[in-house]
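Right, one structure below, let's go through it.
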Amino acid sequence: MNVMVLGSGGREHALLWKLHQSKQIGKLYAVPGNAGTAALAKNLPLSVEDFEAIGNAALENEIGLILVGPEVPLVQGFRDFVEAREELRHIGIVGPAKVGAMLEGSKDYAKAFMSRHNIPTAAYRSFGPEDLEAGYAFLETLTPPYVLKADGLAAGKGVLILDSLAEAREELKAMLLEAKFGAASARVVIEEFLSGIELSCFVLTDGNSYKILPTAKDYKRIGEGDTGLNTGGMGAVSPVPFADAGFMQKIEERIIIPTVEGLKQENIPYVGFIFIGLIKVGDDPYVIEYNVRMGDPETEVVIPRIASDFLELMQATANGTLHKTTLEVSPEAATTVVMVSGGYPGSYAKGHEILGLGNTSDSVVFHAGTQAGPDGSVHTSGGRVLAVTSYGQDFKEALKTSYKTIEGIQFQDANFRKDIGFDL
Ligand code: AMP
Ligand code: GLY
């Protein structure tokens with residue numbers, strides 16, 4: 001079967017890498033892909049938001065299955081578009097329709113869903129521009145730090161955690177009345193601050209049954225010791241050592257089952273990944289957020305640990321036969337360290353040649369922001385450039401291998417965090 005993956009990051013490279021190992025795989029296509037995906041798939045230079053063009057390319061290339069990497073096409077209704085077209089309807093899609101994607105597309109919607117289904121999460125209220133005074137009054141009832149979240153998609157930047165009430169009031173006003181995050185902050189969720197250690201849990205569902213994929217922990221800040229600006233993610237480890245069987249059982253009973261059952265009860269057909277951002281407070285899990293896709297760079301450690309045939313799992317998800325499959329997970333740990341362009345997440349240069357990609361056989365190097373030159377050379381083309389994944393008995397051993405591999409890769413002003421897993 002020919003399969004298309006939408007997106008162009010390390011996540012999409014990892015999905016294609018795993019699909020490529022399947023016995024029954026046909027041709028692979030990446031939209032738009034990067035220099036790494038080009039080695040496994042044909043890159044099609046289309047925008048992930050150009051549904052018409054993607055639909056035409058899917059027909060032309062006899063695609064049977066499409067995996068949607070990023071959230072934007074899901075929130076914009078890619079599945080709804082495919083289902084509405086007679087000639088595309090036979091194509092399996094891994095990724096929810098617009099209504100299910102609201103779990104990521106609207107924090108207010110996600111919080112209300114959790115409260116309807118008694119899923120543990122921080123106490124909250126949400127406010128629109130007309131409720132500024134009520135928002136100020138709600139802030140008075142909380143203790144610092146204050147957590148303000150833009151309701152809509154804000155490319156991972158829409159959450160503010162503020163120490164003083166004065167700052168929180170100011171930012172609330174900027175979000176609601178001055179469009180600080182554009183239309184995304186026309187509504188703001190204010191919630192209780194939870195203190196604990198974070199982890200991510202990934203669920204694959206066909207809308208009826210589900211499989212729990214390996215856990216992961218990512219490192220979002222640019223600086224060592226989790227300091228400095230937020231990034232898309234600087235590294236990740238899987239499994240998460242503190243997510244033992246007892247804790248996983250709590251996550252399944254209190255969060256995963258009520259989420260999947262809640263979607264069913266509300267007649268929200270959901271086919272795809274659910275990425276649950278969690279925080280462990282004392283011994284209990286709370287949901288920080290839902291995402292309706294896999295994480296990046298978490299995918300680069302979760303997917304390499306899946307031992308089952310990935311095409312079969314994806315087809316079963318799309319066809320509603322997930323209950324007939326088994327999920328096998330490697331007991332080995334995996335880590336990934338992300339090499340970024342100097343200056344990222346601020347401004348950075350592009351177009352630096354990347355050297356040493358031939359000397360990486362101890363690791364799997366997933367490409368993120370890379371572009372191939374006409375002579376076969378590979379150049380930087382984004383903030384996050386490469387995700388260097390390795391296996392080991394435990395995450396420490398795996399990390400050593402990733403760092404060793406990184407020593408052999410060069411591009412101008414390359415940066416990476418030397419302390420992935422420091423808090424575990
Ligand atoms: P989100 O975009 O919802 O994942 O939030 C970004 C980050 O803000 C999370 O990864 C957490 O580190 C932090 N965060 C979000 N909500 C809370 C909360 N209620 N309490 C403490 N930290 C939070
Ligand atoms: N690494 C966090 C995310 O993909 O949202």
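Residues are referred to by chain and number: the chain letter is A, B, ... according to the order shown in the structure tokens, the number counts from 1 in that chain, and ligands are numbered separately from 1 in the order shown.
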Using only C-alpha atoms, which residues sit within 9 Å of region 357-360 of chain A once same-chain residues fewer than 4 positions away are excluded, as a CSV table (one decimal) with all heavy atoms, in the first residue's frame?
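Once everything was written out, this is out-v2.csv:
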```csv
chain,number,residue,atom,x,y,z
A,364,VAL,N,20.1,6.7,15.2
A,364,VAL,CA,19.2,7.0,14.0
A,364,VAL,C,19.0,8.5,14.0
A,364,VAL,O,18.6,9.1,15.0
A,364,VAL,CB,17.8,6.3,14.2
A,364,VAL,CG1,17.0,6.4,12.9
A,364,VAL,CG2,18.0,4.8,14.6
A,365,VAL,N,19.4,9.1,12.9
A,365,VAL,CA,19.4,10.6,12.8
A,365,VAL,C,18.1,10.9,12.0
A,365,VAL,O,18.0,10.7,10.8
A,365,VAL,CB,20.6,11.1,12.2
A,365,VAL,CG1,20.5,12.7,12.1
A,365,VAL,CG2,21.8,10.8,13.0
A,378,VAL,N,23.5,18.4,2.3
A,378,VAL,CA,22.4,18.7,3.1
A,378,VAL,C,22.6,20.0,3.9
A,378,VAL,O,23.7,20.2,4.4
A,378,VAL,CB,22.1,17.5,4.1
A,378,VAL,CG1,21.0,17.8,5.0
A,378,VAL,CG2,21.8,16.2,3.3
A,388,VAL,N,18.8,13.3,17.1
A,388,VAL,CA,19.7,12.1,17.1
A,388,VAL,C,19.2,11.1,18.1
A,388,VAL,O,19.3,11.4,19.3
A,388,VAL,CB,21.1,12.6,17.4
A,388,VAL,CG1,22.1,11.5,17.4
A,388,VAL,CG2,21.6,13.7,16.3
A,405,THR,N,27.4,10.4,18.9
A,405,THR,CA,27.1,10.6,17.5
A,405,THR,C,27.2,12.1,17.1
A,405,THR,O,27.7,12.5,16.0
A,405,THR,CB,25.7,10.0,17.2
A,405,THR,OG1,25.8,8.6,17.4
A,405,THR,CG2,25.3,10.2,15.7
A,406,ILE,N,26.7,12.9,18.0
A,406,ILE,CA,26.6,14.4,17.8
A,406,ILE,C,28.0,14.9,17.6
A,406,ILE,O,28.3,15.8,16.7
A,406,ILE,CB,25.9,15.1,18.9
A,406,ILE,CG1,24.4,14.8,18.8
A,406,ILE,CG2,26.2,16.6,18.9
A,406,ILE,CD1,23.5,15.4,19.9
A,408,GLY,N,30.3,13.8,15.9
A,408,GLY,CA,30.7,13.6,14.5
A,408,GLY,C,29.9,14.4,13.5
A,408,GLY,O,30.1,14.3,12.3
A,409,ILE,N,28.9,15.2,14.0
A,409,ILE,CA,28.1,15.9,13.1
A,409,ILE,C,28.4,17.4,13.2
A,409,ILE,O,28.4,17.9,14.4
A,409,ILE,CB,26.6,15.7,13.3
A,409,ILE,CG1,26.2,14.2,13.3
A,409,ILE,CG2,25.7,16.5,12.4
A,409,ILE,CD1,24.8,13.9,13.7
A,410,GLN,N,28.6,18.1,12.1
A,410,GLN,CA,29.0,19.5,12.2
A,410,GLN,C,28.1,20.4,11.3
A,410,GLN,O,27.9,20.0,10.2
A,410,GLN,CB,30.4,19.8,11.8
A,410,GLN,CG,31.5,19.2,12.7
A,410,GLN,CD,32.0,17.9,12.1
A,410,GLN,OE1,32.0,17.7,10.9
A,410,GLN,NE2,32.3,16.9,13.0
```
Expected answer as a ChimeraX atom specification: residues within 7 Å of ligand 2, only C-alpha atoms and all ligand atoms: /A:156,218,220,232-233,294-298
Take the selection from the previous step and output its residues with all heavy atoms, as a PDB file, in the first residue's frame.
```pdb
ATOM      1  N   GLY A 156       2.447  26.614  20.296  1.00  0.00           N
ATOM      2  CA  GLY A 156       3.157  26.283  21.538  1.00  0.00           C
ATOM      3  C   GLY A 156       3.555  27.479  22.385  1.00  0.00           C
ATOM      4  O   GLY A 156       4.224  27.336  23.394  1.00  0.00           O
ATOM      5  N   ASP A 218       9.657  15.120  27.365  1.00  0.00           N
ATOM      6  CA  ASP A 218      10.441  16.002  26.493  1.00  0.00           C
ATOM      7  C   ASP A 218      10.998  17.176  27.283  1.00  0.00           C
ATOM      8  O   ASP A 218      10.602  17.421  28.427  1.00  0.00           O
ATOM      9  CB  ASP A 218       9.621  16.464  25.276  1.00  0.00           C
ATOM     10  CG  ASP A 218       8.685  17.610  25.588  1.00  0.00           C
ATOM     11  OD1 ASP A 218       8.238  17.727  26.748  1.00  0.00           O
ATOM     12  OD2 ASP A 218       8.372  18.399  24.676  1.00  0.00           O
ATOM     13  N   LYS A 220      11.604  21.117  26.870  1.00  0.00           N
ATOM     14  CA  LYS A 220      11.145  22.184  25.971  1.00  0.00           C
ATOM     15  C   LYS A 220      11.999  23.431  26.002  1.00  0.00           C
ATOM     16  O   LYS A 220      12.032  24.183  25.039  1.00  0.00           O
ATOM     17  CB  LYS A 220       9.721  22.594  26.348  1.00  0.00           C
ATOM     18  CG  LYS A 220       8.665  21.588  25.942  1.00  0.00           C
ATOM     19  CD  LYS A 220       7.284  22.240  25.860  1.00  0.00           C
ATOM     20  CE  LYS A 220       6.194  21.233  25.556  1.00  0.00           C
ATOM     21  NZ  LYS A 220       5.814  20.433  26.744  1.00  0.00           N
ATOM     22  N   GLY A 232      10.362  24.155  20.403  1.00  0.00           N
ATOM     23  CA  GLY A 232       9.507  23.027  20.017  1.00  0.00           C
ATOM     24  C   GLY A 232       9.866  21.761  20.781  1.00  0.00           C
ATOM     25  O   GLY A 232       9.073  20.835  20.863  1.00  0.00           O
ATOM     26  N   GLY A 233      11.059  21.708  21.349  1.00  0.00           N
ATOM     27  CA  GLY A 233      11.505  20.511  22.079  1.00  0.00           C
ATOM     28  C   GLY A 233      12.952  20.230  21.745  1.00  0.00           C
ATOM     29  O   GLY A 233      13.336  20.190  20.583  1.00  0.00           O
ATOM     30  N   MET A 294       0.929  13.143  17.322  1.00  0.00           N
ATOM     31  CA  MET A 294       2.090  12.754  18.114  1.00  0.00           C
ATOM     32  C   MET A 294       2.913  13.995  18.458  1.00  0.00           C
ATOM     33  O   MET A 294       2.773  15.039  17.826  1.00  0.00           O
ATOM     34  CB  MET A 294       2.946  11.757  17.334  1.00  0.00           C
ATOM     35  CG  MET A 294       2.368  10.353  17.265  1.00  0.00           C
ATOM     36  SD  MET A 294       2.203   9.573  18.898  1.00  0.00           S
ATOM     37  CE  MET A 294       3.923   9.294  19.330  1.00  0.00           C
ATOM     38  N   GLY A 295       3.770  13.872  19.472  1.00  0.00           N
ATOM     39  CA  GLY A 295       4.652  14.981  19.848  1.00  0.00           C
ATOM     40  C   GLY A 295       5.925  14.956  19.025  1.00  0.00           C
ATOM     41  O   GLY A 295       6.290  13.941  18.447  1.00  0.00           O
ATOM     42  N   ASP A 296       6.579  16.094  18.987  1.00  0.00           N
ATOM     43  CA  ASP A 296       7.864  16.190  18.317  1.00  0.00           C
ATOM     44  C   ASP A 296       8.784  16.954  19.259  1.00  0.00           C
ATOM     45  O   ASP A 296       8.497  18.114  19.555  1.00  0.00           O
ATOM     46  CB  ASP A 296       7.696  16.939  16.989  1.00  0.00           C
ATOM     47  CG  ASP A 296       8.920  16.836  16.107  1.00  0.00           C
ATOM     48  OD1 ASP A 296       9.945  16.296  16.571  1.00  0.00           O
ATOM     49  OD2 ASP A 296       8.856  17.290  14.955  1.00  0.00           O
ATOM     50  N   PRO A 297       9.782  16.371  19.870  1.00  0.00           N
ATOM     51  CA  PRO A 297      10.530  15.168  19.473  1.00  0.00           C
ATOM     52  C   PRO A 297      10.119  13.843  20.130  1.00  0.00           C
ATOM     53  O   PRO A 297      10.831  12.862  19.975  1.00  0.00           O
ATOM     54  CB  PRO A 297      11.954  15.519  19.899  1.00  0.00           C
ATOM     55  CG  PRO A 297      11.760  16.282  21.182  1.00  0.00           C
ATOM     56  CD  PRO A 297      10.499  17.080  20.973  1.00  0.00           C
ATOM     57  N   GLU A 298       8.975  13.780  20.827  1.00  0.00           N
ATOM     58  CA  GLU A 298       8.630  12.516  21.499  1.00  0.00           C
ATOM     59  C   GLU A 298       8.499  11.353  20.510  1.00  0.00           C
ATOM     60  O   GLU A 298       8.851  10.217  20.819  1.00  0.00           O
ATOM     61  CB  GLU A 298       7.310  12.665  22.271  1.00  0.00           C
ATOM     62  CG  GLU A 298       7.374  13.612  23.473  1.00  0.00           C
ATOM     63  CD  GLU A 298       7.004  15.033  23.118  1.00  0.00           C
ATOM     64  OE1 GLU A 298       7.193  15.450  21.955  1.00  0.00           O
ATOM     65  OE2 GLU A 298       6.503  15.739  24.018  1.00  0.00           O
TER      66      GLU A 298
END
```
Residue set, region 93-302 of chain A restricted to strand (DSSP E), as a PyMOL selection string: chain A and resi 93-94+124-127+146-150+159-162+188-191+197-205+210-212+217-218+221-223+227-230+235-238+272-281+284-291
Neighbourhood of ligand 1 at 8 Å, counting only C-alpha atoms and all ligand atoms, reported as a PyMOL selection string: chain A and resi 107+121-122+147+149+156-161+191-196+198+220+277+279+288-290
Please produce a file of the residues just selected, as an mmCIF file, in the first residue's frame, where the atoms kept are N, CA, C and O atoms.
```
data_model
loop_
_atom_site.group_PDB
_atom_site.id
_atom_site.type_symbol
_atom_site.label_atom_id
_atom_site.label_comp_id
_atom_site.auth_asym_id
_atom_site.auth_seq_id
_atom_site.Cartn_x
_atom_site.Cartn_y
_atom_site.Cartn_z
ATOM 1 N N LYS A 107 -8.529 25.180 24.107
ATOM 2 C CA LYS A 107 -8.251 24.759 25.488
ATOM 3 C C LYS A 107 -9.524 24.804 26.323
ATOM 4 O O LYS A 107 -9.720 23.980 27.221
ATOM 5 N N THR A 121 -7.747 17.387 36.227
ATOM 6 C CA THR A 121 -7.009 18.483 35.582
ATOM 7 C C THR A 121 -7.065 19.678 36.527
ATOM 8 O O THR A 121 -7.836 19.670 37.495
ATOM 9 N N ALA A 122 -6.263 20.698 36.273
ATOM 10 C CA ALA A 122 -6.264 21.887 37.131
ATOM 11 C C ALA A 122 -7.629 22.581 37.083
ATOM 12 O O ALA A 122 -8.241 22.672 36.016
ATOM 13 N N VAL A 147 -1.532 30.894 35.831
ATOM 14 C CA VAL A 147 -1.404 30.213 34.528
ATOM 15 C C VAL A 147 -2.480 30.753 33.588
ATOM 16 O O VAL A 147 -3.685 30.605 33.861
ATOM 17 N N LYS A 149 -3.823 30.779 29.579
ATOM 18 C CA LYS A 149 -3.660 30.042 28.323
ATOM 19 C C LYS A 149 -4.561 30.616 27.244
ATOM 20 O O LYS A 149 -5.782 30.713 27.428
ATOM 21 N N GLY A 156 2.447 26.614 20.296
ATOM 22 C CA GLY A 156 3.157 26.283 21.538
ATOM 23 C C GLY A 156 3.555 27.479 22.385
ATOM 24 O O GLY A 156 4.224 27.336 23.394
ATOM 25 N N LYS A 157 3.123 28.688 21.987
ATOM 26 C CA LYS A 157 3.565 29.877 22.721
ATOM 27 C C LYS A 157 2.461 30.497 23.571
ATOM 28 O O LYS A 157 2.692 31.496 24.245
ATOM 29 N N GLY A 158 1.276 29.933 23.536
ATOM 30 C CA GLY A 158 0.119 30.600 24.124
ATOM 31 C C GLY A 158 -0.090 30.421 25.617
ATOM 32 O O GLY A 158 -1.122 30.824 26.142
ATOM 33 N N VAL A 159 0.885 29.817 26.316
ATOM 34 C CA VAL A 159 0.725 29.623 27.766
ATOM 35 C C VAL A 159 1.692 30.536 28.503
ATOM 36 O O VAL A 159 2.884 30.540 28.229
ATOM 37 N N LEU A 160 1.156 31.335 29.439
ATOM 38 C CA LEU A 160 2.004 32.215 30.242
ATOM 39 C C LEU A 160 1.893 31.799 31.698
ATOM 40 O O LEU A 160 0.790 31.536 32.193
ATOM 41 N N ILE A 161 3.045 31.735 32.365
ATOM 42 C CA ILE A 161 3.056 31.420 33.795
ATOM 43 C C ILE A 161 3.711 32.605 34.488
ATOM 44 O O ILE A 161 4.871 32.933 34.195
ATOM 45 N N GLU A 191 -6.016 29.000 34.891
ATOM 46 C CA GLU A 191 -6.143 27.797 35.712
ATOM 47 C C GLU A 191 -5.186 27.762 36.873
ATOM 48 O O GLU A 191 -4.207 28.500 36.930
ATOM 49 N N GLU A 192 -5.524 26.890 37.777
ATOM 50 C CA GLU A 192 -4.727 26.646 38.969
ATOM 51 C C GLU A 192 -3.346 26.123 38.547
ATOM 52 O O GLU A 192 -3.240 25.318 37.629
ATOM 53 N N PHE A 193 -2.297 26.567 39.220
ATOM 54 C CA PHE A 193 -0.950 26.078 38.933
ATOM 55 C C PHE A 193 -0.751 24.737 39.626
ATOM 56 O O PHE A 193 -1.045 24.586 40.807
ATOM 57 N N LEU A 194 -0.269 23.761 38.886
ATOM 58 C CA LEU A 194 0.018 22.449 39.462
ATOM 59 C C LEU A 194 1.524 22.273 39.537
ATOM 60 O O LEU A 194 2.237 22.602 38.594
ATOM 61 N N SER A 195 1.982 21.726 40.647
ATOM 62 C CA SER A 195 3.411 21.575 40.831
ATOM 63 C C SER A 195 3.754 20.096 40.827
ATOM 64 O O SER A 195 3.190 19.324 41.594
ATOM 65 N N GLY A 196 4.659 19.704 39.951
ATOM 66 C CA GLY A 196 5.033 18.293 39.869
ATOM 67 C C GLY A 196 5.926 18.071 38.678
ATOM 68 O O GLY A 196 6.425 19.018 38.072
ATOM 69 N N GLU A 198 6.479 16.530 34.801
ATOM 70 C CA GLU A 198 5.632 16.282 33.618
ATOM 71 C C GLU A 198 6.066 15.044 32.849
ATOM 72 O O GLU A 198 7.233 14.671 32.877
ATOM 73 N N LYS A 220 11.604 21.117 26.870
ATOM 74 C CA LYS A 220 11.145 22.184 25.971
ATOM 75 C C LYS A 220 11.999 23.431 26.002
ATOM 76 O O LYS A 220 12.032 24.183 25.039
ATOM 77 N N GLY A 277 -0.614 15.368 27.649
ATOM 78 C CA GLY A 277 0.420 16.002 28.470
ATOM 79 C C GLY A 277 -0.025 15.897 29.912
ATOM 80 O O GLY A 277 -1.118 16.347 30.267
ATOM 81 N N ILE A 279 0.906 15.810 34.317
ATOM 82 C CA ILE A 279 1.799 16.214 35.389
ATOM 83 C C ILE A 279 1.506 15.315 36.581
ATOM 84 O O ILE A 279 0.340 15.008 36.863
ATOM 85 N N ILE A 288 -2.503 18.170 31.701
ATOM 86 C CA ILE A 288 -2.129 19.562 31.403
ATOM 87 C C ILE A 288 -2.768 19.970 30.083
ATOM 88 O O ILE A 288 -3.265 21.079 29.923
ATOM 89 N N GLU A 289 -2.712 19.076 29.110
ATOM 90 C CA GLU A 289 -3.306 19.391 27.801
ATOM 91 C C GLU A 289 -3.477 18.121 26.978
ATOM 92 O O GLU A 289 -2.812 17.118 27.218
ATOM 93 N N TYR A 290 -4.385 18.215 26.017
ATOM 94 C CA TYR A 290 -4.488 17.184 24.988
ATOM 95 C C TYR A 290 -3.881 17.735 23.700
ATOM 96 O O TYR A 290 -4.063 18.914 23.376
#
```
Close residues, Gly9 (chain A) itself excluded, 8 Å, only C-alpha atoms, min 2 positions apart in chain, as a PyMOL selection string: chain A and resi 7+11-13+33-34+296+367-369
Residues within 10 Å of Ile190 (chain A), only C-alpha atoms, excluding chain neighbours under 5 positions, as a PyMOL selection string: chain A and resi 108+122-127+135+138-139+142+146-151+159-160+168+172
All alpha helix (DSSP H) residues (DSSP, backbone) inside region 349-422 of chain A, as a ChimeraX atom specification: /A:395-407
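Of the listed residues (A:Glu170, A:Pro269, A:Ile256, A:Pro214), A:Pro214 comes nearest to Ala243 (chain A); the distances count only C-alpha atoms.
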Which residues of region 37-87 of chain A come within 12 Å of region 315-322 of chain A, and what is each one's closest atom pair and distance in Å (one decimal), counting only C-alpha atoms, sorted by chain and residue number, as JSON lines?
```
{"residue": "A:Gly64", "atom": "CA", "partner": "A:Gln315", "partner_atom": "CA", "distance": 9.2}
{"residue": "A:Leu65", "atom": "CA", "partner": "A:Gln315", "partner_atom": "CA", "distance": 7.3}
{"residue": "A:Ile66", "atom": "CA", "partner": "A:Ala318", "partner_atom": "CA", "distance": 9.2}
{"residue": "A:Leu67", "atom": "CA", "partner": "A:Ala318", "partner_atom": "CA", "distance": 9.5}
{"residue": "A:Val68", "atom": "CA", "partner": "A:Ala318", "partner_atom": "CA", "distance": 11.8}
{"residue": "A:Arg79", "atom": "CA", "partner": "A:Ala318", "partner_atom": "CA", "distance": 11.3}
```
Residue with smallest distance to Phe422 (chain A) - pool A:Asp226, A:Asp163, A:Glu52, A:Glu300, counting only C-alpha atoms: A:Asp226
For Ile25 (chain A), the nearest of the candidates A:Val260, A:Met314, A:Ala236, A:Val189, counting only C-alpha atoms: A:Met314
All residues 7 Å or closer to Pro120 (chain A), only C-alpha atoms, same chain fewer than 2 positions away omitted, as a ChimeraX atom specification: /A:118,286-287
Output C-alpha atoms for every residue in the selection just made, as a short mmCIF file (atom, residue, chain, number, x, y, z; two decimals), in the first residue's frame.
```cif
data_model
loop_
_atom_site.label_atom_id
_atom_site.label_comp_id
_atom_site.auth_asym_id
_atom_site.auth_seq_id
_atom_site.Cartn_x
_atom_site.Cartn_y
_atom_site.Cartn_z
CA ASN A 118 -14.38 13.82 35.61
CA TYR A 286 -3.42 15.36 36.07
CA VAL A 287 -3.96 16.39 32.47
#
```
All residues 6 Å or closer to Cys201 (chain A), only C-alpha atoms, same chain fewer than 5 positions away omitted, as a VMD selection string: chain A and resid 215 275 to 276
Restrict the selected residues to N, CA and C atoms and save them as a PDB file, in the first residue's frame.
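Wrote result_26.pdb, looks like this:
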```pdb
ATOM      1  N   THR A 215       5.526   5.742  26.989  1.00  0.00           N
ATOM      2  CA  THR A 215       5.542   7.101  27.552  1.00  0.00           C
ATOM      3  C   THR A 215       6.831   7.809  27.112  1.00  0.00           C
ATOM      4  N   PHE A 275      -2.332  12.573  22.321  1.00  0.00           N
ATOM      5  CA  PHE A 275      -1.088  12.857  23.066  1.00  0.00           C
ATOM      6  C   PHE A 275      -1.546  13.597  24.305  1.00  0.00           C
ATOM      7  N   ILE A 276      -1.380  12.948  25.458  1.00  0.00           N
ATOM      8  CA  ILE A 276      -1.864  13.538  26.704  1.00  0.00           C
ATOM      9  C   ILE A 276      -0.666  14.057  27.487  1.00  0.00           C
TER      10      ILE A 276
END
```
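When CA of Asp131 (chain A) is paired with CA of Ala186 (chain A), their separation reads 11.0 Å.
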Spatial neighbours of Ala184 (chain A), 9 Å, only C-alpha atoms, chain gap at least 2 places, as JSON, numbers by chain: {"A": [106, 150, 151, 152, 153, 154, 158, 175, 179, 180, 181, 182, 186, 187, 188]}
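CA of Leu213 (chain A) lies 24.2 Å from CA of Glu266 (chain A).
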